[in-house]
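Okay, input24.tsv now, which holds TSV, C-alpha atoms (C1' of nucleotides):
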chain	number	residue	atom	x	y	z
A	504	MET	CA	-193.36	29.25	33.07
A	505	LEU	CA	-194.61	32.56	31.89
A	506	GLN	CA	-197.87	32.11	33.68
A	507	LEU	CA	-199.68	33.32	36.72
A	508	THR	CA	-199.89	30.81	39.55
A	509	LYS	CA	-203.21	29.59	40.91
A	510	ARG	CA	-202.51	31.51	44.07
A	511	THR	CA	-202.24	34.69	42.04
A	512	GLU	CA	-205.37	33.91	40.09
A	513	TYR	CA	-207.29	33.29	43.27
A	514	GLY	CA	-205.90	36.46	44.72
A	515	LEU	CA	-206.99	38.49	41.73
A	516	ILE	CA	-210.42	36.92	41.85
A	517	ALA	CA	-210.73	37.97	45.47
A	518	LEU	CA	-209.40	41.45	44.87
A	519	VAL	CA	-211.71	42.04	41.95
A	520	HIS	CA	-214.58	40.76	44.01
A	521	MET	CA	-213.81	43.31	46.68
A	522	VAL	CA	-213.78	46.12	44.18
A	523	ASP	CA	-217.53	45.66	44.01
A	524	ARG	CA	-217.83	45.62	47.80
A	525	PRO	CA	-216.21	48.88	48.85
A	526	GLY	CA	-215.99	49.63	52.53
A	527	VAL	CA	-217.18	46.29	53.80
A	528	PHE	CA	-215.27	43.36	55.15
A	529	VAL	CA	-215.63	40.34	52.90
A	530	SER	CA	-214.99	36.94	54.38
A	531	ALA	CA	-212.96	34.27	52.67
A	532	ARG	CA	-216.02	32.06	52.92
A	533	GLU	CA	-218.11	34.39	50.83
A	534	ILE	CA	-215.50	34.51	48.12
A	535	CYS	CA	-214.81	30.83	47.93
A	536	ASP	CA	-218.50	30.03	48.08
A	537	THR	CA	-219.07	32.34	45.16
A	538	TYR	CA	-216.24	31.24	42.90
A	539	LYS	CA	-215.62	27.65	43.93
A	540	VAL	CA	-212.01	28.05	44.87
A	541	PRO	CA	-210.37	25.93	47.59
A	542	ARG	CA	-211.26	27.64	50.84
A	543	ARG	CA	-208.14	26.83	52.73
A	544	LEU	CA	-205.88	27.99	49.93
A	545	LEU	CA	-207.80	31.19	49.39
A	546	ALA	CA	-207.38	31.92	53.07
A	547	GLU	CA	-203.66	31.55	52.64
A	548	VAL	CA	-203.69	33.90	49.69
A	549	LEU	CA	-205.75	36.53	51.47
A	550	LYS	CA	-203.44	36.30	54.42
A	551	THR	CA	-200.51	37.02	52.16
A	552	LEU	CA	-202.22	39.94	50.49
A	553	SER	CA	-203.05	41.27	53.91
A	554	LYS	CA	-199.48	41.04	55.10
A	555	ALA	CA	-198.40	42.75	51.90
A	556	GLY	CA	-200.57	45.70	52.79
A	557	LEU	CA	-203.08	45.37	49.99
A	558	LEU	CA	-205.89	44.21	52.23
A	559	ALA	CA	-207.07	45.13	55.67
A	560	SER	CA	-208.28	42.26	57.81
A	561	HIS	CA	-210.72	42.07	60.62
A	562	ARG	CA	-211.27	39.05	62.80
A	563	GLY	CA	-214.34	37.77	64.49
A	564	ALA	CA	-217.82	36.82	63.48
A	565	THR	CA	-218.38	39.62	61.00
A	566	GLY	CA	-214.75	39.84	60.03
A	567	GLY	CA	-213.11	39.49	56.66
A	568	TYR	CA	-210.94	41.45	54.29
A	569	MET	CA	-211.26	44.82	52.66
A	570	LEU	CA	-209.24	46.78	50.14
A	571	VAL	CA	-206.94	49.21	51.90
A	572	ARG	CA	-206.80	51.67	49.02
A	573	GLU	CA	-209.06	52.69	46.22
A	574	PRO	CA	-209.17	50.08	43.45
A	575	GLU	CA	-207.37	52.38	41.06
A	576	LEU	CA	-204.48	52.77	43.47
A	577	THR	CA	-203.62	49.10	43.68
A	578	SER	CA	-201.94	47.50	40.71
A	579	VAL	CA	-201.96	43.95	39.52
A	580	ALA	CA	-198.21	44.08	39.83
A	581	GLN	CA	-198.51	44.59	43.56
A	582	ALA	CA	-200.69	41.53	43.87
A	583	VAL	CA	-198.40	39.42	41.73
A	584	SER	CA	-195.37	40.66	43.59
A	585	ALA	CA	-196.96	39.74	46.88
A	586	LEU	CA	-198.18	36.31	45.82
A	587	GLU	CA	-195.27	35.09	43.74
A	588	GLY	CA	-191.75	35.21	45.04
A	589	ASN	CA	-189.19	37.67	43.92
A	590	PRO	CA	-189.33	37.39	40.14
A	591	ALA	CA	-185.89	38.93	39.80
A	592	SER	CA	-184.15	35.82	41.06
A	593	SER	CA	-183.21	34.77	37.59
A	594	SER	CA	-179.83	34.12	36.10
A	595	CYS	CA	-179.83	37.30	34.11
A	596	SER	CA	-181.02	39.39	37.00
A	597	PRO	CA	-179.66	41.62	39.65
A	598	SER	CA	-179.02	40.01	42.98
A	599	PRO	CA	-182.07	39.72	45.18
A	600	VAL	CA	-183.21	43.02	46.54
A	601	ASP	CA	-184.16	43.13	50.17
A	602	ASP	CA	-185.32	46.71	49.99
A	603	SER	CA	-188.79	46.50	51.40
A	604	ASN	CA	-189.61	49.83	49.86
A	605	SER	CA	-189.40	48.33	46.43
A	606	LEU	CA	-192.56	46.54	45.54
A	607	PHE	CA	-191.20	45.71	42.12
A	608	PRO	CA	-187.81	44.17	42.57
A	609	ILE	CA	-187.91	42.91	39.03
A	610	LEU	CA	-187.58	46.46	37.86
A	611	ASP	CA	-184.45	47.15	39.80
A	612	SER	CA	-181.41	47.16	37.63
A	613	GLY	CA	-178.11	45.72	38.58
A	614	SER	CA	-175.15	43.78	37.31
A	615	GLY	CA	-175.42	40.40	38.94
A	616	CYS	CA	-175.44	38.40	35.73
A	617	ASP	CA	-172.70	35.84	35.89
A	618	MET	CA	-172.54	35.72	32.13
A	619	SER	CA	-171.76	39.38	31.62
A	620	PRO	CA	-170.11	41.02	29.91
A	621	THR	CA	-170.50	38.48	27.13
A	622	CYS	CA	-174.21	37.77	27.56
A	623	PRO	CA	-176.02	39.39	24.66
A	624	ILE	CA	-179.46	38.79	26.05
A	625	LYS	CA	-179.14	40.31	29.48
A	626	THR	CA	-180.58	43.65	28.62
A	627	PRO	CA	-183.13	42.20	26.18
A	628	ILE	CA	-184.43	39.79	28.78
A	629	GLN	CA	-184.65	42.57	31.26
A	630	ARG	CA	-186.48	44.73	28.79
A	631	LEU	CA	-188.91	41.91	28.19
A	632	ARG	CA	-189.51	41.54	31.90
A	633	ASP	CA	-189.79	45.27	32.31
A	634	GLY	CA	-192.39	45.39	29.59
A	635	ILE	CA	-194.46	42.68	31.18
A	636	TRP	CA	-194.07	44.23	34.57
A	637	SER	CA	-195.03	47.65	33.30
A	638	LEU	CA	-198.20	46.13	31.99
A	639	LEU	CA	-199.01	44.74	35.39
A	640	GLN	CA	-198.01	47.92	37.14
A	641	GLN	CA	-200.21	50.10	35.05
A	642	THR	CA	-203.20	47.86	35.30
A	643	SER	CA	-205.21	48.71	38.39
A	644	LEU	CA	-207.74	46.55	40.11
A	645	ARG	CA	-210.37	48.87	38.71
A	646	ASP	CA	-209.14	48.25	35.17
A	647	LEU	CA	-209.22	44.54	35.84
A	648	ALA	CA	-212.66	44.57	37.36
A	649	ALA	CA	-214.49	46.54	34.71
A	650	PRO	CA	-212.40	48.02	31.96
A	651	THR	CA	-214.11	51.06	30.58
A	652	ALA	CA	-213.14	52.79	27.38
A	653	ALA	CA	-211.46	55.42	29.52
A	654	ALA	CA	-209.50	52.89	31.45
A	655	VAL	CA	-208.48	51.16	28.28
A	656	ASN	CA	-207.24	54.39	26.80
A	657	ALA	CA	-205.51	55.58	29.90
A	658	ASN	CA	-203.78	52.26	30.19
A	659	PRO	CA	-200.87	50.91	28.16
A	660	LEU	CA	-202.76	47.67	28.05
A	661	GLY	CA	-205.42	49.50	26.14
A	662	GLU	CA	-203.83	49.24	22.77
A	663	LEU	CA	-203.21	45.60	23.32
A	664	LEU	CA	-206.64	45.02	24.67
A	665	GLN	CA	-208.54	46.66	21.89
A	666	SER	CA	-208.84	43.38	20.09
A	667	ALA	CA	-209.62	41.40	23.20
A	668	GLN	CA	-213.11	40.04	23.30
A	669	THR	CA	-215.37	41.39	25.97
A	670	LEU	CA	-217.25	38.45	27.31
A	671	THR	CA	-220.42	38.56	29.26
A	672	TYR	CA	-220.37	35.88	31.85
B	985	MET	CA	-194.28	32.07	38.29
B	986	LEU	CA	-194.50	34.90	35.89
B	987	GLN	CA	-191.02	34.26	34.68
B	988	LEU	CA	-189.18	32.83	31.73
B	989	THR	CA	-187.56	29.46	32.28
B	990	LYS	CA	-183.84	28.93	31.93
B	991	ARG	CA	-184.52	26.95	28.80
B	992	THR	CA	-186.27	29.94	27.31
B	993	GLU	CA	-183.52	32.29	28.35
B	994	TYR	CA	-180.92	30.04	26.81
B	995	GLY	CA	-183.01	29.75	23.69
B	996	LEU	CA	-183.32	33.50	23.37
B	997	ILE	CA	-179.61	33.90	23.92
B	998	ALA	CA	-178.97	31.48	21.10
B	999	LEU	CA	-181.51	33.04	18.79
B	1000	VAL	CA	-180.19	36.53	19.37
B	1001	HIS	CA	-176.71	35.24	18.77
B	1002	MET	CA	-177.77	33.89	15.43
B	1003	VAL	CA	-179.27	37.21	14.43
B	1004	ASP	CA	-175.69	38.40	14.13
B	1005	ARG	CA	-174.65	35.36	12.12
B	1006	PRO	CA	-177.07	35.39	9.21
B	1007	GLY	CA	-176.81	32.59	6.68
B	1008	VAL	CA	-174.31	30.46	8.53
B	1009	PHE	CA	-174.78	27.37	10.64
B	1010	VAL	CA	-173.83	28.05	14.25
B	1011	SER	CA	-172.94	25.09	16.42
B	1012	ALA	CA	-174.21	24.63	19.95
B	1013	ARG	CA	-170.60	24.52	21.02
B	1014	GLU	CA	-169.88	27.99	19.75
B	1015	ILE	CA	-172.85	29.40	21.60
B	1016	CYS	CA	-172.24	27.72	24.91
B	1017	ASP	CA	-168.55	28.51	24.74
B	1018	THR	CA	-169.44	32.14	24.25
B	1019	TYR	CA	-172.09	32.52	26.89
B	1020	LYS	CA	-171.22	29.89	29.47
B	1021	VAL	CA	-174.48	28.03	29.34
B	1022	PRO	CA	-174.67	24.27	29.99
B	1023	ARG	CA	-173.79	22.63	26.70
B	1024	ARG	CA	-176.01	19.63	26.99
B	1025	LEU	CA	-179.03	21.68	27.95
B	1026	LEU	CA	-178.48	24.21	25.21
B	1027	ALA	CA	-178.39	21.34	22.75
B	1028	GLU	CA	-181.77	20.24	24.01
B	1029	VAL	CA	-183.14	23.73	23.64
B	1030	LEU	CA	-181.82	24.15	20.11
B	1031	LYS	CA	-183.27	20.78	19.22
B	1032	THR	CA	-186.65	21.96	20.41
B	1033	LEU	CA	-186.44	25.24	18.53
B	1034	SER	CA	-185.47	23.29	15.46
B	1035	LYS	CA	-188.44	20.96	15.75
B	1036	ALA	CA	-190.67	23.99	16.25
B	1037	GLY	CA	-189.55	25.32	12.91
B	1038	LEU	CA	-187.66	28.35	14.14
B	1039	LEU	CA	-184.26	26.95	13.36
B	1040	ALA	CA	-182.81	24.93	10.53
B	1041	SER	CA	-180.31	22.30	11.51
B	1042	HIS	CA	-177.45	20.71	9.71
B	1043	ARG	CA	-175.55	17.71	10.95
B	1044	GLY	CA	-171.96	16.76	10.53
B	1045	ALA	CA	-168.63	18.37	11.13
B	1046	THR	CA	-169.53	21.87	10.04
B	1047	GLY	CA	-173.11	21.58	11.13
B	1048	GLY	CA	-175.14	23.68	13.46
B	1049	TYR	CA	-178.27	25.77	13.55
B	1050	MET	CA	-179.46	28.72	11.54
B	1051	LEU	CA	-182.47	30.99	11.65
B	1052	VAL	CA	-185.09	29.80	9.17
B	1053	ARG	CA	-186.65	33.22	8.68
B	1054	GLU	CA	-185.49	36.78	8.87
B	1055	PRO	CA	-185.01	37.96	12.45
B	1056	GLU	CA	-187.95	40.33	12.17
B	1057	LEU	CA	-190.25	37.49	11.16
B	1058	THR	CA	-189.72	35.41	14.27
B	1059	SER	CA	-191.30	36.58	17.48
B	1060	VAL	CA	-190.26	36.02	21.04
B	1061	ALA	CA	-193.69	34.51	21.53
B	1062	GLN	CA	-192.87	31.75	19.08
B	1063	ALA	CA	-189.73	30.90	20.99
B	1064	VAL	CA	-191.51	30.96	24.32
B	1065	SER	CA	-194.35	28.92	22.94
B	1066	ALA	CA	-191.93	26.32	21.65
B	1067	LEU	CA	-189.82	26.10	24.79
B	1068	GLU	CA	-192.47	26.30	27.45
B	1069	GLY	CA	-195.50	24.12	27.33
B	1070	ASN	CA	-198.92	25.30	26.32
B	1071	PRO	CA	-199.41	28.34	28.54
B	1072	ALA	CA	-203.17	28.12	28.13
B	1073	SER	CA	-203.44	25.08	30.35
B	1074	SER	CA	-204.62	27.13	33.25
B	1075	SER	CA	-207.79	26.92	35.25
B	1076	CYS	CA	-209.30	29.99	33.68
B	1077	SER	CA	-208.36	28.91	30.20
B	1078	PRO	CA	-209.85	27.20	27.25
B	1079	SER	CA	-209.17	23.51	26.94
B	1080	PRO	CA	-205.82	22.68	25.38
B	1081	VAL	CA	-205.71	23.45	21.72
B	1082	ASP	CA	-204.14	20.84	19.50
B	1083	ASP	CA	-204.39	22.99	16.43
B	1084	SER	CA	-200.84	22.95	15.17
B	1085	ASN	CA	-201.57	25.98	13.04
B	1086	SER	CA	-201.95	28.06	16.13
B	1087	LEU	CA	-198.59	29.07	17.45
B	1088	PHE	CA	-200.22	31.01	20.24
B	1089	PRO	CA	-202.75	28.77	21.89
B	1090	ILE	CA	-202.94	31.16	24.81
B	1091	LEU	CA	-204.70	33.59	22.56
B	1092	ASP	CA	-207.39	31.20	21.58
B	1093	SER	CA	-210.64	31.92	23.28
B	1094	GLY	CA	-212.97	29.34	24.67
B	1095	SER	CA	-215.22	28.53	27.55
B	1096	GLY	CA	-213.46	25.81	29.45
B	1097	CYS	CA	-213.41	27.60	32.77
B	1098	ASP	CA	-215.01	25.40	35.37
B	1099	MET	CA	-215.84	28.43	37.46
B	1100	SER	CA	-217.94	30.18	34.87
B	1101	PRO	CA	-220.37	31.73	34.76
B	1102	THR	CA	-219.68	33.04	38.23
B	1103	CYS	CA	-215.97	33.68	37.84
B	1104	PRO	CA	-215.47	37.43	37.64
B	1105	ILE	CA	-211.83	37.25	36.72
B	1106	LYS	CA	-211.94	34.92	33.75
B	1107	THR	CA	-211.95	37.61	31.14
B	1108	PRO	CA	-209.63	39.92	33.11
B	1109	ILE	CA	-207.09	37.14	33.52
B	1110	GLN	CA	-207.33	36.36	29.86
B	1111	ARG	CA	-206.88	39.99	29.01
B	1112	LEU	CA	-203.82	40.08	31.19
B	1113	ARG	CA	-202.40	37.06	29.46
B	1114	ASP	CA	-203.31	38.41	26.09
B	1115	GLY	CA	-201.53	41.63	26.90
B	1116	ILE	CA	-198.39	39.83	27.93
B	1117	TRP	CA	-198.58	37.55	24.95
B	1118	SER	CA	-199.14	40.42	22.58
B	1119	LEU	CA	-195.98	41.93	23.89
B	1120	LEU	CA	-194.07	38.78	23.12
B	1121	GLN	CA	-195.73	38.37	19.77
B	1122	GLN	CA	-194.90	41.81	18.60
B	1123	THR	CA	-191.33	41.67	19.74
B	1124	SER	CA	-189.16	40.18	17.04
B	1125	LEU	CA	-185.74	38.68	17.43
B	1126	ARG	CA	-184.43	41.78	15.71
B	1127	ASP	CA	-186.05	43.98	18.31
B	1128	LEU	CA	-184.55	41.84	21.01
B	1129	ALA	CA	-181.11	41.80	19.51
B	1130	ALA	CA	-180.69	45.50	18.87
B	1131	PRO	CA	-183.71	47.66	19.47
B	1132	THR	CA	-183.55	50.71	17.26
B	1133	ALA	CA	-185.71	53.76	17.65
B	1134	ALA	CA	-187.72	52.53	14.70
B	1135	ALA	CA	-188.30	49.14	16.23
B	1136	VAL	CA	-189.24	50.69	19.51
B	1137	ASN	CA	-191.76	52.93	17.87
B	1138	ALA	CA	-193.19	50.27	15.62
B	1139	ASN	CA	-193.59	48.01	18.59
B	1140	PRO	CA	-196.18	48.15	21.34
B	1141	LEU	CA	-193.32	47.45	23.68
B	1142	GLY	CA	-191.91	50.76	22.58
B	1143	GLU	CA	-193.86	52.88	24.96
B	1144	LEU	CA	-193.00	50.58	27.76
B	1145	LEU	CA	-189.40	50.37	26.77
B	1146	GLN	CA	-188.83	54.06	26.43
B	1147	SER	CA	-187.76	54.24	30.03
B	1148	ALA	CA	-185.72	51.07	29.90
B	1149	GLN	CA	-182.05	51.66	30.20
B	1150	THR	CA	-179.94	50.82	27.21
B	1151	LEU	CA	-176.89	49.14	28.59
B	1152	THR	CA	-173.65	48.60	26.81
B	1153	TYR	CA	-172.28	45.27	27.76
C	79	DC	C1'	-161.67	6.85	8.32
C	80	DC	C1'	-162.08	10.21	11.92
C	81	DA	C1'	-163.59	14.10	14.31
C	82	DA	C1'	-167.41	17.02	14.99
C	83	DA	C1'	-172.04	17.80	15.08
C	84	DT	C1'	-177.08	16.92	15.53
C	85	DA	C1'	-180.95	13.35	16.90
C	86	DG	C1'	-183.18	10.44	20.07
C	87	DC	C1'	-184.15	8.47	24.39
C	88	DA	C1'	-184.18	8.18	29.21
C	89	DC	C1'	-183.19	9.62	33.65
C	90	DT	C1'	-182.26	12.20	38.18
C	91	DG	C1'	-182.29	15.61	41.93
C	92	DA	C1'	-184.04	19.99	43.35
C	93	DT	C1'	-187.53	23.35	43.45
C	94	DT	C1'	-192.12	25.03	42.94
C	95	DT	C1'	-196.87	24.58	43.18
C	96	DG	C1'	-201.46	23.36	44.61
C	97	DG	C1'	-203.62	22.06	48.46
C	98	DT	C1'	-204.48	20.56	53.36
C	99	DG	C1'	-204.53	19.89	58.91
C	100	DC	C1'	-204.89	21.77	63.16
C	101	DG	C1'	-204.89	24.49	67.04
C	102	DC	C1'	-204.92	29.44	68.70
C	103	DA	C1'	-206.73	34.17	68.95
C	104	DA	C1'	-210.10	37.68	68.15
C	105	DT	C1'	-214.80	39.29	67.71
C	106	DC	C1'	-219.75	39.67	67.29
C	107	DA	C1'	-224.59	38.06	68.11
C	108	DT	C1'	-227.40	36.16	71.38
D	456	DA	C1'	-220.89	34.72	79.35
D	457	DT	C1'	-220.66	31.76	75.53
D	458	DG	C1'	-220.63	29.79	71.30
D	459	DA	C1'	-220.29	30.49	66.44
D	460	DT	C1'	-217.61	32.69	63.08
D	461	DT	C1'	-213.54	34.48	61.29
D	462	DG	C1'	-208.69	35.33	60.69
D	463	DC	C1'	-203.66	33.75	62.17
D	464	DG	C1'	-199.58	30.78	62.46
D	465	DC	C1'	-197.16	26.82	61.58
D	466	DA	C1'	-196.26	22.77	59.52
D	467	DC	C1'	-196.92	19.40	56.16
D	468	DC	C1'	-197.72	16.57	51.76
D	469	DA	C1'	-198.10	14.93	46.82
D	470	DA	C1'	-197.69	16.11	42.29
D	471	DA	C1'	-195.82	18.78	38.71
D	472	DT	C1'	-192.19	21.35	36.81
D	473	DC	C1'	-187.40	22.47	36.00
D	474	DA	C1'	-182.43	22.40	35.43
D	475	DG	C1'	-179.23	19.50	34.06
D	476	DT	C1'	-176.97	15.00	32.62
D	477	DG	C1'	-175.67	10.21	30.20
D	478	DC	C1'	-175.39	7.53	26.47
D	479	DT	C1'	-175.81	6.00	21.90
D	480	DA	C1'	-176.84	6.41	17.07
D	481	DT	C1'	-176.51	8.99	12.81
D	482	DT	C1'	-174.91	12.37	9.61
D	483	DT	C1'	-171.24	14.88	7.35
D	484	DG	C1'	-167.04	17.47	6.10
D	485	DG	C1'	-162.06	17.10	5.75

Could I get this structure in the form of structure tokens?
Amino acid sequence: MLQLTKRTEYGLIALVHMVDRPGVFVSAREICDTYKVPRRLLAEVLKTLSKAGLLASHRGATGGYMLVREPELTSVAQAVSALEGNPASSSCSPSPVDDSNSLFPILDSGSGCDMSPTCPIKTPIQRLRDGIWSLLQQTSLRDLAAPTAAAVNANPLGELLQSAQTLTY
Amino acid sequence: MLQLTKRTEYGLIALVHMVDRPGVFVSAREICDTYKVPRRLLAEVLKTLSKAGLLASHRGATGGYMLVREPELTSVAQAVSALEGNPASSSCSPSPVDDSNSLFPILDSGSGCDMSPTCPIKTPIQRLRDGIWSLLQQTSLRDLAAPTAAAVNANPLGELLQSAQTLTY
DNA sequence: CCAAATAGCACTGATTTGGTGCGCAATCAT
DNA sequence: ATGATTGCGCACCAAATCAGTGCTATTTGG
């Protein structure tokens, strides 16, 4: 489905939470106590984000996780890419890319579609995915945490988000 | 996963195919013979799109399916919405909307999140979804079939698609 | 009448997803 | 030192989703 998994949602919750706690290690306990997400699962998610290089971890009594980079330097796409498998493993997609340098395998182009050259939707589907992925790529954790007018304007999402309601919660 | 299902891909293939066959009923056989998609499954998909009001069907020997509206009046979002369940049934989402008038339940706002008011990602997640959905909404079958410069410019996807390669297949 | 096509219903196997159990290793406060 | 706290690694499970299929009935054009 065209939907973020719970794991990804939990991951984004955690990441956004850490945007407000720069420079300190935040434990999984603190996060799950705050947002009522399954502790064990959140731990798994944080572990993954850590292995993906988005978070730094520290063990021990006062341990936890911390953003490795500035919030504006980490994109939602990186989190999604880390938490959900390789999204390019679709029928109309290039063969799986093992290039660890590529954080966005879905963007890699190729010719692995078994329906080509007759498939009329190959490129369209890819364009669709590229569009979605671009959205995620160009949305930083900072944008996600507290979208300012500047962020909205500097971001391709901005136009789309103009009409989005800004809730106070 | 943040990915279109096979059903949706097949559906889009069929829809795009029909963009090039305006005014005539296209059989499932013709489509699956052309693009090598499972016949039985494609039939199921077309049935669904028909029930959703995107396609008109005609039974009998020369029967088949035909686009109900002009290709620019049907959005990818409508197809996705018809072929994949209600995408709003997520944790940070409003309760399922049974309003049949709303083709895009994901866009409906509400307060069904069981994590509010502490959840800091509720609105961000929704904005993300809204952004993705807006992309799909504002991409017509025409855009998908043969994106012209005009379509690209008139479409929010345009900016994102500028860098997308235009393959000849 | 027959062949071709959609409509309806039900079903299956494989994969993904959400979530958990448990022991080990590191680290800090006392 | 030592125990409490925290992350780490590995394996596991149940439910949901997904891709794909079987079969029959009904409509319709030639």

With chain B as the partner and 12 Å as the cut-off, tabulate the residues of chain D that qualify, each row holding the nearest pair of atoms and their distance in Å to one decimal, using only C-alpha atoms (C1' of nucleotides), sorted by chain and rising number, as a Markdown table.
| residue | atom | partner | partner_atom | distance |
| --- | --- | --- | --- | --- |
| D:DT472 | C1' | B:Thr989 | CA | 10.4 |
| D:DC473 | C1' | B:Thr989 | CA | 7.9 |
| D:DA474 | C1' | B:Lys990 | CA | 7.5 |
| D:DG475 | C1' | B:Leu1025 | CA | 6.5 |
| D:DT476 | C1' | B:Arg1024 | CA | 7.4 |
| D:DG477 | C1' | B:Arg1024 | CA | 10.0 |
| D:DT481 | C1' | B:Arg1043 | CA | 9.0 |
| D:DT482 | C1' | B:Gly1044 | CA | 5.4 |
| D:DT483 | C1' | B:Gly1044 | CA | 3.8 |
| D:DG484 | C1' | B:Ala1045 | CA | 5.4 |
| D:DG485 | C1' | B:Ala1045 | CA | 8.6 |

### Message
Only residues of chain B matter here; which ones have an atom within 12 Å of chain C, counting only C-alpha atoms (C1' of nucleotides)? Give them as a ChimeraX atom specification.
### Response
/B:985,1009-1014,1024,1027-1028,1030-1032,1034-1035,1040-1049,1075

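Residue nearest chain A within the list B:Leu1026, B:Ala1036, B:Ile1109, B:Leu1051: B:Ile1109 [criterion: smallest interatomic distance, only C-alpha atoms].
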
### Message
Using Å and a single decimal, report how far CA of Pro574 in chain A sits from CA of Arg1113 in chain B.
### Response
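Computing it gives 20.3 Å between the two atoms.
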
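Interatomic distance, CA of Gly995 in chain B against CA of Gly1115 in chain B: 22.2 Å.
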
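Counting from CA of Leu507 in chain A, the distance to CA of Ile1116 in chain B is 11.0 Å.
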
Just want the 7 Å neighbourhood of range 579-588 of chain A, counted on only C-alpha atoms (C1' of nucleotides), with same-chain residues fewer than 6 positions away dropped. Output as a PDB file with C-alpha atoms, in the frame of the given file.
ATOM      1  CA  ARG A 510    -202.510  31.510  44.070  1.00  0.00           C
ATOM      2  CA  THR A 511    -202.240  34.690  42.040  1.00  0.00           C
ATOM      3  CA  THR A 551    -200.510  37.020  52.160  1.00  0.00           C
ATOM      4  CA  LEU A 552    -202.220  39.940  50.490  1.00  0.00           C
ATOM      5  CA  ALA A 555    -198.400  42.750  51.900  1.00  0.00           C
ATOM      6  CA  LEU A 606    -192.560  46.540  45.540  1.00  0.00           C
ATOM      7  CA  PHE A 607    -191.200  45.710  42.120  1.00  0.00           C
ATOM      8  CA  TRP A 636    -194.070  44.230  34.570  1.00  0.00           C
ATOM      9  CA  LEU A 639    -199.010  44.740  35.390  1.00  0.00           C
ATOM     10  CA  GLN A 640    -198.010  47.920  37.140  1.00  0.00           C
ATOM     11  CA  THR A 642    -203.200  47.860  35.300  1.00  0.00           C
ATOM     12  CA  SER A 643    -205.210  48.710  38.390  1.00  0.00           C
ATOM     13  CA  LEU A 644    -207.740  46.550  40.110  1.00  0.00           C
TER      14      LEU A 644
ATOM     15  CA  MET B 985    -194.280  32.070  38.290  1.00  0.00           C
TER      16      MET B 985
END

#### Entry: Residue among A:Gly556, A:Met569, A:Arg645, A:Thr626 lying closest to chain B, counting all atoms listed in the file
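Of the candidates, the smallest distance to chain B is held by A:Thr626.
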